[in-house]
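To be precise, the following lines are structure_32.pdb, and they hold PDB, C-alpha atoms.
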```pdb
ATOM      1  CA  MET A1411       0.000   0.000   0.000
ATOM      2  CA  GLY A1412       2.983   2.288   0.441
ATOM      3  CA  ASN A1413       3.556   2.388  -3.358
ATOM      4  CA  ARG A1414      -0.061   3.028  -4.305
ATOM      5  CA  PRO A1415      -0.151   5.652  -7.055
ATOM      6  CA  GLN A1416      -2.103   8.844  -6.412
ATOM      7  CA  LEU A1417      -4.504   8.923  -9.330
ATOM      8  CA  GLY A1418      -5.958  12.132 -10.617
ATOM      9  CA  ARG A1419      -3.699  14.389  -8.535
ATOM     10  CA  PRO A1420      -3.421  17.778 -10.260
ATOM     11  CA  PRO A1421       0.032  19.169 -11.117
ATOM     12  CA  ALA A1422       1.742  21.421  -8.611
ATOM     13  CA  ARG A1423       1.022  24.583 -10.600
ATOM     14  CA  ALA A1424      -2.686  23.786 -10.761
ATOM     15  CA  ARG A1425      -2.766  23.090  -7.022
ATOM     16  CA  GLY A1426      -1.039  26.390  -6.393
ATOM     17  CA  LEU A1427      -3.548  28.317  -8.496
ATOM     18  CA  ARG A1428      -6.437  26.510  -6.832
ATOM     19  CA  PHE A1429      -5.092  27.739  -3.501
ATOM     20  CA  ILE A1430      -4.047  31.269  -4.501
ATOM     21  CA  VAL A1431      -7.280  32.290  -6.219
ATOM     22  CA  PRO A1432      -9.550  31.795  -3.153
ATOM     23  CA  VAL A1433      -6.970  33.585  -0.968
ATOM     24  CA  LEU A1434      -7.099  36.557  -3.335
ATOM     25  CA  VAL A1435     -10.896  36.504  -3.192
ATOM     26  CA  LEU A1436     -10.773  36.557   0.624
ATOM     27  CA  ALA A1437      -8.236  39.403   0.545
ATOM     28  CA  VAL A1438     -10.428  41.454  -1.804
ATOM     29  CA  LEU A1439     -13.478  40.845   0.403
ATOM     30  CA  ALA A1440     -11.547  41.871   3.517
ATOM     31  CA  ALA A1441     -10.281  45.015   1.781
ATOM     32  CA  ALA A1442     -13.820  45.884   0.660
ATOM     33  CA  VAL A1443     -15.231  45.476   4.160
ATOM     34  CA  VAL A1444     -12.458  47.483   5.837
ATOM     35  CA  SER A1445     -12.672  50.184   3.177
ATOM     36  CA  ALA A1446     -16.427  50.402   3.652
ATOM     37  CA  GLN A1447     -15.964  51.015   7.376
ATOM     38  CA  TRP A1448     -13.824  54.095   6.733
ATOM     39  CA  GLN A1449     -16.471  55.566   4.452
ATOM     40  CA  LYS A1450     -19.378  55.298   6.863
ATOM     41  CA  ALA A1451     -21.480  58.363   7.471
ATOM     42  CA  PRO A1452     -22.264  59.211  11.112
ATOM     43  CA  PRO A1453     -24.987  56.821  12.289
ATOM     44  CA  ASP A1454     -28.531  58.121  12.090
ATOM     45  CA  PHE A1455     -30.959  55.662  13.594
ATOM     46  CA  GLY A1456     -34.027  57.652  12.626
ATOM     47  CA  GLY A1457     -35.760  57.385   9.299
ATOM     48  CA  SER A1458     -37.162  54.155   7.993
ATOM     49  CA  TYR A1459     -34.545  51.645   9.131
ATOM     50  CA  GLY A1460     -34.617  49.270  12.040
ATOM     51  CA  PHE A1461     -31.275  47.848  13.084
ATOM     52  CA  PRO A1462     -30.881  44.626  15.085
ATOM     53  CA  THR A1463     -30.150  45.290  18.753
ATOM     54  CA  PRO A1464     -27.430  43.081  20.279
ATOM     55  CA  THR A1465     -28.479  41.431  23.532
ATOM     56  CA  HIS A1466     -24.861  41.106  24.659
ATOM     57  CA  PRO A1467     -22.733  43.797  22.957
ATOM     58  CA  GLU A1468     -18.965  43.979  22.780
ATOM     59  CA  PRO A1469     -17.095  45.440  25.747
ATOM     60  CA  ARG A1470     -16.596  49.187  25.493
ATOM     61  CA  ALA A1471     -12.918  49.094  26.449
ATOM     62  CA  THR A1472     -10.637  48.692  23.434
ATOM     63  CA  TRP A1473      -8.161  46.564  25.379
ATOM     64  CA  LEU A1474     -10.906  44.046  26.216
ATOM     65  CA  ARG A1475     -11.726  43.677  22.524
ATOM     66  CA  ALA A1476      -8.018  43.197  21.864
ATOM     67  CA  VAL A1477      -7.921  40.416  24.476
ATOM     68  CA  ASP A1478     -10.772  38.621  22.679
ATOM     69  CA  VAL A1479      -8.994  38.835  19.322
ATOM     70  CA  ALA A1480      -5.671  37.773  20.829
ATOM     71  CA  ALA A1481      -7.341  34.793  22.512
ATOM     72  CA  LEU A1482      -8.906  33.748  19.208
ATOM     73  CA  ALA A1483      -5.629  34.092  17.288
ATOM     74  CA  ALA A1484      -3.685  32.190  19.950
ATOM     75  CA  ALA A1485      -6.301  29.427  20.083
ATOM     76  CA  LEU A1486      -6.237  29.042  16.297
ATOM     77  CA  GLY A1487      -2.446  28.821  16.292
ATOM     78  CA  LEU A1488      -2.465  26.277  19.107
ATOM     79  CA  ALA A1489      -5.126  24.242  17.278
ATOM     80  CA  VAL A1490      -2.903  24.096  14.182
ATOM     81  CA  TRP A1491       0.003  22.785  16.248
ATOM     82  CA  LEU A1492      -2.078  20.272  18.194
ATOM     83  CA  VAL A1493      -3.910  18.842  15.169
ATOM     84  CA  LEU A1494      -1.368  18.963  12.350
ATOM     85  CA  VAL A1495       1.929  18.689  14.235
ATOM     86  CA  ARG A1496       1.279  16.896  17.504
ATOM     87  CA  ARG A1497      -1.832  15.059  16.261
ATOM     88  CA  SER A1498      -3.046  15.109  19.843
ATOM     89  CA  ARG A1499      -6.692  14.451  20.596
ATOM     90  CA  ARG A1500      -6.068  15.120  24.281
ATOM     91  CA  GLY A1501      -4.613  18.521  23.484
ATOM     92  CA  VAL A1502      -7.566  19.400  21.253
ATOM     93  CA  THR A1503      -9.956  18.373  24.034
ATOM     94  CA  LEU A1504      -8.212  20.666  26.524
ATOM     95  CA  LEU A1505      -8.253  23.520  24.001
ATOM     96  CA  SER A1506     -11.981  22.948  23.432
ATOM     97  CA  ALA A1507     -12.535  23.156  27.186
ATOM     98  CA  PHE A1508     -10.813  26.546  27.218
ATOM     99  CA  ALA A1509     -12.858  27.751  24.240
ATOM    100  CA  LEU A1510     -16.081  26.643  25.913
ATOM    101  CA  ALA A1511     -15.138  28.357  29.173
ATOM    102  CA  TYR A1512     -13.875  31.619  27.629
ATOM    103  CA  PHE A1513     -15.774  32.209  24.376
ATOM    104  CA  GLY A1514     -18.846  30.349  25.607
ATOM    105  CA  PHE A1515     -19.592  30.951  29.269
ATOM    106  CA  TYR A1516     -17.309  33.911  30.061
ATOM    107  CA  ARG A1517     -18.009  35.904  26.868
ATOM    108  CA  GLN A1518     -21.526  34.436  26.764
ATOM    109  CA  GLY A1519     -21.367  33.433  23.112
ATOM    110  CA  CYS A1520     -20.492  36.946  21.854
ATOM    111  CA  ILE A1521     -18.703  37.989  19.859
ATOM    112  CA  CYS A1522     -18.464  34.938  17.643
ATOM    113  CA  PRO A1523     -17.524  34.251  14.016
ATOM    114  CA  ILE A1524     -20.901  32.620  13.358
ATOM    115  CA  GLY A1525     -22.939  35.675  14.272
ATOM    116  CA  SER A1526     -20.433  38.052  12.662
ATOM    117  CA  ILE A1527     -21.692  36.897   9.250
ATOM    118  CA  GLN A1528     -24.686  39.166   9.759
ATOM    119  CA  ASN A1529     -22.654  42.160  10.984
ATOM    120  CA  VAL A1530     -20.331  42.005   7.996
ATOM    121  CA  THR A1531     -23.228  41.561   5.581
ATOM    122  CA  LEU A1532     -25.126  44.549   6.941
ATOM    123  CA  SER A1533     -22.006  46.730   6.975
ATOM    124  CA  LEU A1534     -21.522  46.069   3.255
ATOM    125  CA  VAL A1535     -25.029  47.046   2.187
ATOM    126  CA  ASP A1536     -25.917  49.850   4.595
ATOM    127  CA  PRO A1537     -23.800  53.029   4.898
ATOM    128  CA  GLN A1538     -25.187  53.723   8.365
ATOM    129  CA  TYR A1539     -24.071  50.463   9.958
ATOM    130  CA  ALA A1540     -20.455  50.108  11.082
ATOM    131  CA  VAL A1541     -18.759  47.197  12.802
ATOM    132  CA  SER A1542     -15.658  47.186  14.961
ATOM    133  CA  LEU A1543     -12.299  45.781  13.970
ATOM    134  CA  GLY A1544     -12.883  43.107  16.610
ATOM    135  CA  VAL A1545     -15.941  41.791  14.782
ATOM    136  CA  LEU A1546     -14.026  41.869  11.490
ATOM    137  CA  ALA A1547     -11.156  39.928  13.078
ATOM    138  CA  PHE A1548     -13.527  37.278  14.398
ATOM    139  CA  PHE A1549     -15.069  36.930  10.953
ATOM    140  CA  PHE A1550     -11.864  36.759   8.929
ATOM    141  CA  LEU A1551      -9.340  34.990  11.194
ATOM    142  CA  PRO A1552     -10.981  31.521  11.111
ATOM    143  CA  LEU A1553     -11.598  31.898   7.366
ATOM    144  CA  GLY A1554      -7.974  32.812   6.769
ATOM    145  CA  ALA A1555      -6.847  29.883   8.907
ATOM    146  CA  ALA A1556      -9.102  27.568   6.890
ATOM    147  CA  PHE A1557      -7.334  28.556   3.654
ATOM    148  CA  PHE A1558      -4.076  27.344   5.152
ATOM    149  CA  PHE A1559      -5.017  24.589   7.615
ATOM    150  CA  GLY A1560      -8.642  23.532   7.122
ATOM    151  CA  ARG A1561     -11.424  23.726   9.687
ATOM    152  CA  ILE A1562      -9.230  23.971  12.770
ATOM    153  CA  PHE A1563     -11.612  26.561  14.250
ATOM    154  CA  CYS A1564     -14.331  23.911  14.330
ATOM    155  CA  GLY A1565     -12.106  21.289  15.901
ATOM    156  CA  GLY A1566     -10.782  23.055  18.971
ATOM    157  CA  VAL A1567     -11.854  26.710  19.116
ATOM    158  CA  CYS A1568     -15.604  26.892  18.524
ATOM    159  CA  PRO A1569     -17.611  26.836  21.783
ATOM    160  CA  LEU A1570     -20.715  25.567  19.968
ATOM    161  CA  GLY A1571     -18.775  22.550  18.768
ATOM    162  CA  ALA A1572     -17.180  22.040  22.177
ATOM    163  CA  ILE A1573     -20.497  21.865  24.013
ATOM    164  CA  GLN A1574     -21.729  19.236  21.542
ATOM    165  CA  ASP A1575     -18.540  17.214  21.924
ATOM    166  CA  LEU A1576     -19.100  17.258  25.660
ATOM    167  CA  VAL A1577     -22.321  15.216  25.403
ATOM    168  CA  LEU A1578     -21.293  12.767  22.664
ATOM    169  CA  LEU A1579     -21.547   9.278  24.177
ATOM    170  CA  ARG A1580     -22.262   6.563  21.627
ATOM    171  CA  PRO A1581     -22.071   7.956  18.094
ATOM    172  CA  VAL A1582     -24.038   6.170  15.416
ATOM    173  CA  ARG A1583     -23.259   6.156  11.718
ATOM    174  CA  ILE A1584     -25.601   8.259   9.585
ATOM    175  CA  PRO A1585     -26.454   6.899   6.112
ATOM    176  CA  ARG A1586     -24.326   8.623   3.486
ATOM    177  CA  LYS A1587     -27.268   9.767   1.356
ATOM    178  CA  LEU A1588     -29.054  11.303   4.326
ATOM    179  CA  ASP A1589     -25.851  12.997   5.468
ATOM    180  CA  ARG A1590     -25.339  14.432   1.978
ATOM    181  CA  VAL A1591     -28.883  15.812   1.803
ATOM    182  CA  LEU A1592     -28.709  17.348   5.276
ATOM    183  CA  GLY A1593     -25.335  18.826   4.356
ATOM    184  CA  TRP A1594     -27.104  21.342   2.097
ATOM    185  CA  LEU A1595     -29.034  22.879   5.008
ATOM    186  CA  PRO A1596     -26.148  25.082   6.268
ATOM    187  CA  TYR A1597     -25.905  26.742   2.860
ATOM    188  CA  LEU A1598     -29.646  27.420   2.814
ATOM    189  CA  TYR A1599     -29.444  28.794   6.348
ATOM    190  CA  LEU A1600     -26.468  30.948   5.337
ATOM    191  CA  ALA A1601     -28.411  32.371   2.396
ATOM    192  CA  ALA A1602     -31.415  33.132   4.621
ATOM    193  CA  ALA A1603     -29.227  34.816   7.258
ATOM    194  CA  VAL A1604     -27.515  37.001   4.652
ATOM    195  CA  PHE A1605     -30.877  37.951   3.118
ATOM    196  CA  PHE A1606     -32.502  38.982   6.406
ATOM    197  CA  ALA A1607     -29.400  40.901   7.517
ATOM    198  CA  ALA A1608     -28.977  42.686   4.188
ATOM    199  CA  PHE A1609     -32.553  43.326   3.069
ATOM    200  CA  GLY A1610     -34.878  42.397   5.916
ATOM    201  CA  PHE A1611     -38.572  42.892   5.342
ATOM    202  CA  GLN A1612     -41.092  45.704   5.236
ATOM    203  CA  VAL A1613     -43.358  46.516   8.197
ATOM    204  CA  ARG A1614     -45.832  49.328   8.689
ATOM    205  CA  THR A1615     -45.215  51.593  11.664
ATOM    206  CA  ALA A1616     -47.841  53.064  13.979
ATOM    207  CA  ALA A1617     -47.717  56.232  11.865
ATOM    208  CA  GLY A1618     -48.636  54.242   8.773
ATOM    209  CA  GLN A1619     -45.185  54.451   7.160
ATOM    210  CA  LEU A1620     -43.271  51.498   5.740
ATOM    211  CA  ALA A1621     -40.018  50.659   7.470
ATOM    212  CA  THR A1622     -37.308  48.129   6.667
ATOM    213  CA  VAL A1623     -36.493  45.837   9.570
ATOM    214  CA  ARG A1624     -33.376  43.690   9.486
ATOM    215  CA  ARG A1625     -33.081  40.499  11.517
ATOM    216  CA  PHE A1626     -30.044  38.668  12.842
ATOM    217  CA  VAL A1627     -31.616  35.232  12.619
ATOM    218  CA  ILE A1628     -28.405  33.363  13.453
ATOM    219  CA  CYS A1629     -28.239  35.068  16.841
ATOM    220  CA  GLU A1630     -31.981  34.833  17.405
ATOM    221  CA  TRP A1631     -31.966  31.098  16.780
ATOM    222  CA  ASP A1632     -28.643  30.184  18.364
ATOM    223  CA  PRO A1633     -29.558  26.951  20.186
ATOM    224  CA  PHE A1634     -26.775  27.155  22.788
ATOM    225  CA  VAL A1635     -26.510  30.833  23.695
ATOM    226  CA  GLY A1636     -29.177  30.367  26.377
ATOM    227  CA  PHE A1637     -26.920  27.854  28.139
ATOM    228  CA  PHE A1638     -23.939  30.212  27.854
ATOM    229  CA  ARG A1639     -25.887  33.145  29.327
ATOM    230  CA  LEU A1640     -28.108  31.126  31.663
ATOM    231  CA  ALA A1641     -31.003  33.186  30.355
ATOM    232  CA  GLY A1642     -33.406  33.234  27.457
ATOM    233  CA  PRO A1643     -36.835  32.057  26.322
ATOM    234  CA  PHE A1644     -37.903  28.540  27.155
ATOM    235  CA  SER A1645     -38.348  27.714  23.465
ATOM    236  CA  MET A1646     -34.638  28.281  22.757
ATOM    237  CA  PHE A1647     -33.629  26.228  25.797
ATOM    238  CA  ALA A1648     -35.839  23.449  24.446
ATOM    239  CA  ILE A1649     -34.254  23.636  20.990
ATOM    240  CA  GLY A1650     -30.767  23.631  22.500
ATOM    241  CA  ALA A1651     -31.638  20.693  24.734
ATOM    242  CA  GLY A1652     -32.950  18.871  21.685
ATOM    243  CA  PHE A1653     -29.655  19.370  19.851
ATOM    244  CA  LEU A1654     -27.694  18.200  22.904
ATOM    245  CA  LEU A1655     -29.923  15.159  23.300
ATOM    246  CA  LEU A1656     -29.444  14.300  19.634
ATOM    247  CA  GLY A1657     -25.735  15.013  20.084
ATOM    248  CA  THR A1658     -25.372  12.110  22.509
ATOM    249  CA  LEU A1659     -25.771   9.778  19.514
ATOM    250  CA  VAL A1660     -24.923  11.976  16.514
ATOM    251  CA  GLY A1661     -21.631  13.827  16.360
ATOM    252  CA  ARG A1662     -22.221  17.591  16.366
ATOM    253  CA  PRO A1663     -25.591  17.757  14.589
ATOM    254  CA  TYR A1664     -25.684  21.567  14.614
ATOM    255  CA  CYS A1665     -22.160  21.887  13.190
ATOM    256  CA  ARG A1666     -22.765  19.361  10.430
ATOM    257  CA  TRP A1667     -26.276  20.223   9.320
ATOM    258  CA  LEU A1668     -27.047  23.794  10.303
ATOM    259  CA  CYS A1669     -24.026  25.981  11.117
ATOM    260  CA  PRO A1670     -23.762  28.717   8.432
ATOM    261  CA  TYR A1671     -20.175  29.598   9.321
ATOM    262  CA  GLY A1672     -19.250  25.948   8.902
ATOM    263  CA  ALA A1673     -20.636  26.207   5.368
ATOM    264  CA  LEU A1674     -18.279  29.116   4.742
ATOM    265  CA  LEU A1675     -15.292  27.303   6.250
ATOM    266  CA  ALA A1676     -15.935  24.219   4.119
ATOM    267  CA  ILE A1677     -15.194  26.217   0.955
ATOM    268  CA  PRO A1678     -11.582  27.291   1.667
ATOM    269  CA  SER A1679     -10.912  23.997   3.458
ATOM    270  CA  ARG A1680     -11.177  22.234   0.105
ATOM    271  CA  VAL A1681      -8.083  24.053  -1.118
ATOM    272  CA  ALA A1682      -6.200  24.344   2.181
ATOM    273  CA  TRP A1683      -2.419  24.325   1.983
ATOM    274  CA  ARG A1684      -2.249  21.680   4.701
ATOM    275  CA  ASN A1685      -5.102  19.726   6.198
ATOM    276  CA  VAL A1686      -5.837  16.587   8.181
ATOM    277  CA  SER A1687      -4.488  13.846   5.932
ATOM    278  CA  ILE A1688      -4.610  10.085   5.941
ATOM    279  CA  THR A1689      -2.118   9.080   3.289
ATOM    280  CA  PRO A1690      -1.394   5.628   1.844
ATOM    281  CA  ASP A1691       2.371   5.914   2.267
ATOM    282  CA  GLU A1692       2.110   6.548   6.024
ATOM    283  CA  GLU A1693      -1.057   4.868   7.279
ATOM    284  CA  LEU A1694      -2.228   1.257   7.501
ATOM    285  CA  ASP A1695      -5.603   1.582   5.742
ATOM    286  CA  CYS A1696      -7.083  -0.556   8.499
ATOM    287  CA  GLY A1697     -10.283   1.490   8.774
ATOM    288  CA  LEU A1698      -9.967   2.272  12.496
ATOM    289  CA  CYS A1699      -9.883   6.000  11.740
ATOM    290  CA  ALA A1700     -13.190   5.801   9.857
ATOM    291  CA  ASP A1701     -14.760   3.950  12.787
ATOM    292  CA  ALA A1702     -13.466   6.605  15.199
ATOM    293  CA  CYS A1703     -14.790   9.603  13.218
ATOM    294  CA  PRO A1704     -18.272  10.515  14.532
ATOM    295  CA  PHE A1705     -18.857  13.027  11.727
ATOM    296  CA  GLY A1706     -18.658  10.759   8.681
ATOM    297  CA  ALA A1707     -15.745  12.818   7.407
ATOM    298  CA  ILE A1708     -13.517   9.873   6.433
ATOM    299  CA  ARG A1709     -14.599   8.458   3.112
ATOM    300  CA  ASP A1710     -12.783   5.712   1.244
ATOM    301  CA  LEU A1711     -10.272   5.796   4.116
ATOM    302  CA  ARG A1712      -9.322   9.408   3.322
ATOM    303  CA  ALA A1713     -10.312  12.579   5.149
ATOM    304  CA  ASP A1714     -12.884  14.680   3.319
ATOM    305  CA  ARG A1715     -11.402  18.182   3.493
ATOM    306  CA  ALA A1716     -14.741  19.979   3.480
ATOM    307  CA  ALA A1717     -16.398  17.767   6.102
ATOM    308  CA  CYS A1718     -13.409  17.162   8.403
ATOM    309  CA  LEU A1719     -13.755  19.134  11.642
ATOM    310  CA  ALA A1720     -10.095  18.646  12.664
ATOM    311  CA  CYS A1721     -10.921  16.952  15.968
ATOM    312  CA  ALA A1722      -7.879  14.570  15.804
ATOM    313  CA  ARG A1723      -9.968  11.517  16.752
ATOM    314  CA  CYS A1724      -8.663   9.680  13.690
ATOM    315  CA  TYR A1725      -5.080  10.154  14.855
ATOM    316  CA  ASP A1726      -5.957   9.077  18.380
ATOM    317  CA  SER A1727      -7.382   5.787  17.060
ATOM    318  CA  CYS A1728      -4.480   5.037  14.724
ATOM    319  CA  PRO A1729      -2.027   2.355  15.940
ATOM    320  CA  ARG A1730       0.726   3.816  13.795
ATOM    321  CA  GLN A1731       0.273   7.257  15.349
ATOM    322  CA  ARG A1732       0.361   5.733  18.821
ATOM    323  CA  GLU A1733       3.574   3.945  17.923
ATOM    324  CA  LEU A1734       5.114   7.190  16.663
ATOM    325  CA  ALA A1735       3.994   8.998  19.832
ATOM    326  CA  ARG A1736       5.612   6.327  22.021
ATOM    327  CA  GLY A1737       8.775   6.647  19.964
ATOM    328  CA  ARG A1738       8.872  10.405  20.503
ATOM    329  CA  SER A1739       8.320   9.906  24.240
ATOM    330  CA  ARG A1740      11.170   7.401  24.465
ATOM    331  CA  GLN A1741      13.399   9.772  22.515
ATOM    332  CA  ARG A1742      12.653  12.664  24.860
ATOM    333  CA  LEU A1743      13.339  10.463  27.905
ATOM    334  CA  SER A1744      16.654   9.286  26.498
ATOM    335  CA  VAL A1745      17.700  12.878  25.752
ATOM    336  CA  ALA A1746      16.659  13.990  29.238
ATOM    337  CA  SER A1747      18.645  11.203  30.867
TER     338      SER A1747
END
```

Represent the structure of the file as structure tokens.
Amino acid sequence: MGNRPQLGRPPARARGLRFIVPVLVLAVLAAAVVSAQWQKAPPDFGGSYGFPTPTHPEPRATWLRAVDVAALAAALGLAVWLVLVRRSRRGVTLLSAFALAYFGFYRQGCICPIGSIQNVTLSLVDPQYAVSLGVLAFFFLPLGAAFFFGRIFCGGVCPLGAIQDLVLLRPVRIPRKLDRVLGWLPYLYLAAAVFFAAFGFQVRTAAGQLATVRRFVICEWDPFVGFFRLAGPFSMFAIGAGFLLLGTLVGRPYCRWLCPYGALLAIPSRVAWRNVSITPDEELDCGLCADACPFGAIRDLRADRAACLACARCYDSCPRQRELARGRSRQRLSVAS
């Protein structure tokens, strides 16, 4: 199996172009968003517009926003090292615990890359709506990381994914056709969220005038934010509890079949410079990794770049990886002695 030819692999130049073009697209989008912020007129919340009101806004102090961004950047960098270098499931689990504690319970689910989709969308279409550099950083940093290293944000940094991992007990395998059909839902949800943030809908005011009301549906229907804030309507607690109950048997149902930011991350992950890989010249092709993956992301004994959530479970189940880890441990002990 070590000499198995890699059929259909594009030439190096084609792979480079396939990687560079999406990076350029992301750079142009980032430049457009940042440029738009500098051209904003002073906010005027009168007139015929209704802007979404955040229930848990950013901290007013600039240094606190900087701490949030620094924590996100550091967590992403650590996730890259743990998943792609150390291949440590234990390390990813500890990082997820930090993300759940800090971004989830301490920051109460805000600000987050998932909800920032709506802020960035509205800032592009409405000259009166401006977002902070912190929101822009939370939107673009995981996307930029995905272009280079795949969905590492999902694996160890996202608090929504971490809380679902916490309840996973006995994962069952979902039929491939059903998984493929449900996999389209995040893109539909993403389209709906962008539409309601950008265009909203018309309502008639008490004075009889028509007004445009935007909605941040991702934030309104976040199934776990009630747990993070220990507050919210009973209906959202019930929906969140339903996802967690389903998550005891199905690996991360919200991440796989509803998360709109996951839909965005899946696109650059397809062309990532380096991603979770199970290669024929290094692995045993025994199938243990596929059995260990609760997300159905290992297909034909290879990691699906778009679906892989970079949780490192496949490495943890691999006998060859365990052998290499023991070898590194013995080497460190011999050097220390």

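Computed from the coordinates, the CA of Gln1612 (chain A) to CA of Val1635 (chain A) distance equals 27.8 Å.
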
Next on the checklist: With all atoms listed in the file as the counted atoms, please give the residues lying no more than 9 Å from region 1556-1564 of chain A, apart from itself and same-chain residues fewer than 2 positions off, as a ChimeraX atom specification.
Outcome noted: /A:1429,1432-1433,1485-1486,1489-1490,1493-1494,1551-1554,1566-1572,1665,1672,1675-1686,1715-1721

Selection from above, C-alpha atoms, as a tab-separated table (two decimals), in the coordinates of the input, can you write it?
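Output contents, as saved in result-v1.tsv:
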```tsv
chain	number	residue	atom	x	y	z
A	1429	PHE	CA	-5.09	27.74	-3.50
A	1432	PRO	CA	-9.55	31.80	-3.15
A	1433	VAL	CA	-6.97	33.58	-0.97
A	1485	ALA	CA	-6.30	29.43	20.08
A	1486	LEU	CA	-6.24	29.04	16.30
A	1489	ALA	CA	-5.13	24.24	17.28
A	1490	VAL	CA	-2.90	24.10	14.18
A	1493	VAL	CA	-3.91	18.84	15.17
A	1494	LEU	CA	-1.37	18.96	12.35
A	1551	LEU	CA	-9.34	34.99	11.19
A	1552	PRO	CA	-10.98	31.52	11.11
A	1553	LEU	CA	-11.60	31.90	7.37
A	1554	GLY	CA	-7.97	32.81	6.77
A	1566	GLY	CA	-10.78	23.06	18.97
A	1567	VAL	CA	-11.85	26.71	19.12
A	1568	CYS	CA	-15.60	26.89	18.52
A	1569	PRO	CA	-17.61	26.84	21.78
A	1570	LEU	CA	-20.72	25.57	19.97
A	1571	GLY	CA	-18.77	22.55	18.77
A	1572	ALA	CA	-17.18	22.04	22.18
A	1665	CYS	CA	-22.16	21.89	13.19
A	1672	GLY	CA	-19.25	25.95	8.90
A	1675	LEU	CA	-15.29	27.30	6.25
A	1676	ALA	CA	-15.94	24.22	4.12
A	1677	ILE	CA	-15.19	26.22	0.96
A	1678	PRO	CA	-11.58	27.29	1.67
A	1679	SER	CA	-10.91	24.00	3.46
A	1680	ARG	CA	-11.18	22.23	0.10
A	1681	VAL	CA	-8.08	24.05	-1.12
A	1682	ALA	CA	-6.20	24.34	2.18
A	1683	TRP	CA	-2.42	24.32	1.98
A	1684	ARG	CA	-2.25	21.68	4.70
A	1685	ASN	CA	-5.10	19.73	6.20
A	1686	VAL	CA	-5.84	16.59	8.18
A	1715	ARG	CA	-11.40	18.18	3.49
A	1716	ALA	CA	-14.74	19.98	3.48
A	1717	ALA	CA	-16.40	17.77	6.10
A	1718	CYS	CA	-13.41	17.16	8.40
A	1719	LEU	CA	-13.76	19.13	11.64
A	1720	ALA	CA	-10.10	18.65	12.66
A	1721	CYS	CA	-10.92	16.95	15.97
```

Checklist entry - If you apply the PyMOL selection byres ((chain A and resi 1700) around 9) to this file, what residues do you get, as a VMD selection string? => result chain A and resid 1696 to 1699 1701 to 1704 1706 to 1713 1724

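Residues selected in this file by the PyMOL selection byres ((chain A and resi 1590-1593) around 10) comprise Ile1584, Pro1585, Arg1586, Lys1587, Leu1588, Asp1589, Trp1594, Leu1595, Pro1596, Tyr1597, Leu1598, Pro1663, Cys1665, Arg1666, Trp1667, Leu1668, Cys1669, Ala1673 and Ala1717 of chain A.
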
Item to check | Best match for closeness to Ala1507 (chain A) among A:Pro1670, A:Val1479, A:Val1660, A:Gly1565, counting all atoms listed in the file | outcome: A:Gly1565

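Going from CA of Ala1547 (chain A) over to CA of Glu1630 (chain A), you cover 21.9 Å.
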
Checklist entry - Once the PyMOL selection byres ((chain A and resi 1518) around 8) has been applied to the shown file, what residues remain in the selection, as a VMD selection string? => result chain A and resid 1466 1513 to 1517 1519 to 1520 1635 1638 to 1639

Could you save the residues just selected, with C-alpha atoms, as a PDB file, keeping the file's coordinate frame?
```
ATOM      1  CA  HIS A1466     -24.861  41.106  24.659  1.00  0.00           C
ATOM      2  CA  PHE A1513     -15.774  32.209  24.376  1.00  0.00           C
ATOM      3  CA  GLY A1514     -18.846  30.349  25.607  1.00  0.00           C
ATOM      4  CA  PHE A1515     -19.592  30.951  29.269  1.00  0.00           C
ATOM      5  CA  TYR A1516     -17.309  33.911  30.061  1.00  0.00           C
ATOM      6  CA  ARG A1517     -18.009  35.904  26.868  1.00  0.00           C
ATOM      7  CA  GLY A1519     -21.367  33.433  23.112  1.00  0.00           C
ATOM      8  CA  CYS A1520     -20.492  36.946  21.854  1.00  0.00           C
ATOM      9  CA  VAL A1635     -26.510  30.833  23.695  1.00  0.00           C
ATOM     10  CA  PHE A1638     -23.939  30.212  27.854  1.00  0.00           C
ATOM     11  CA  ARG A1639     -25.887  33.145  29.327  1.00  0.00           C
TER      12      ARG A1639
END
```

For Arg1497 (chain A), find every residue with an atom within 8 Å (counting all atoms listed in the file), except residues of its own chain fewer than 4 positions away, and show them as a PDB file with C-alpha atoms, keeping the file's coordinate frame.
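Result file follows (out-v3.pdb):
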```pdb
ATOM      1  CA  TRP A1491       0.003  22.785  16.248  1.00  0.00           C
ATOM      2  CA  LEU A1492      -2.078  20.272  18.194  1.00  0.00           C
ATOM      3  CA  VAL A1493      -3.910  18.842  15.169  1.00  0.00           C
ATOM      4  CA  ALA A1722      -7.879  14.570  15.804  1.00  0.00           C
ATOM      5  CA  TYR A1725      -5.080  10.154  14.855  1.00  0.00           C
ATOM      6  CA  ASP A1726      -5.957   9.077  18.380  1.00  0.00           C
TER       7      ASP A1726
END
```

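When CA of Pro1537 (chain A) is paired with CA of Leu1600 (chain A), their separation reads 22.2 Å.
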
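Using all atoms listed in the file, the nearest neighbour of Thr1472 (chain A) within the list A:Gly1544, A:Gly1642, A:Pro1581, A:Gly1610 is A:Gly1544.
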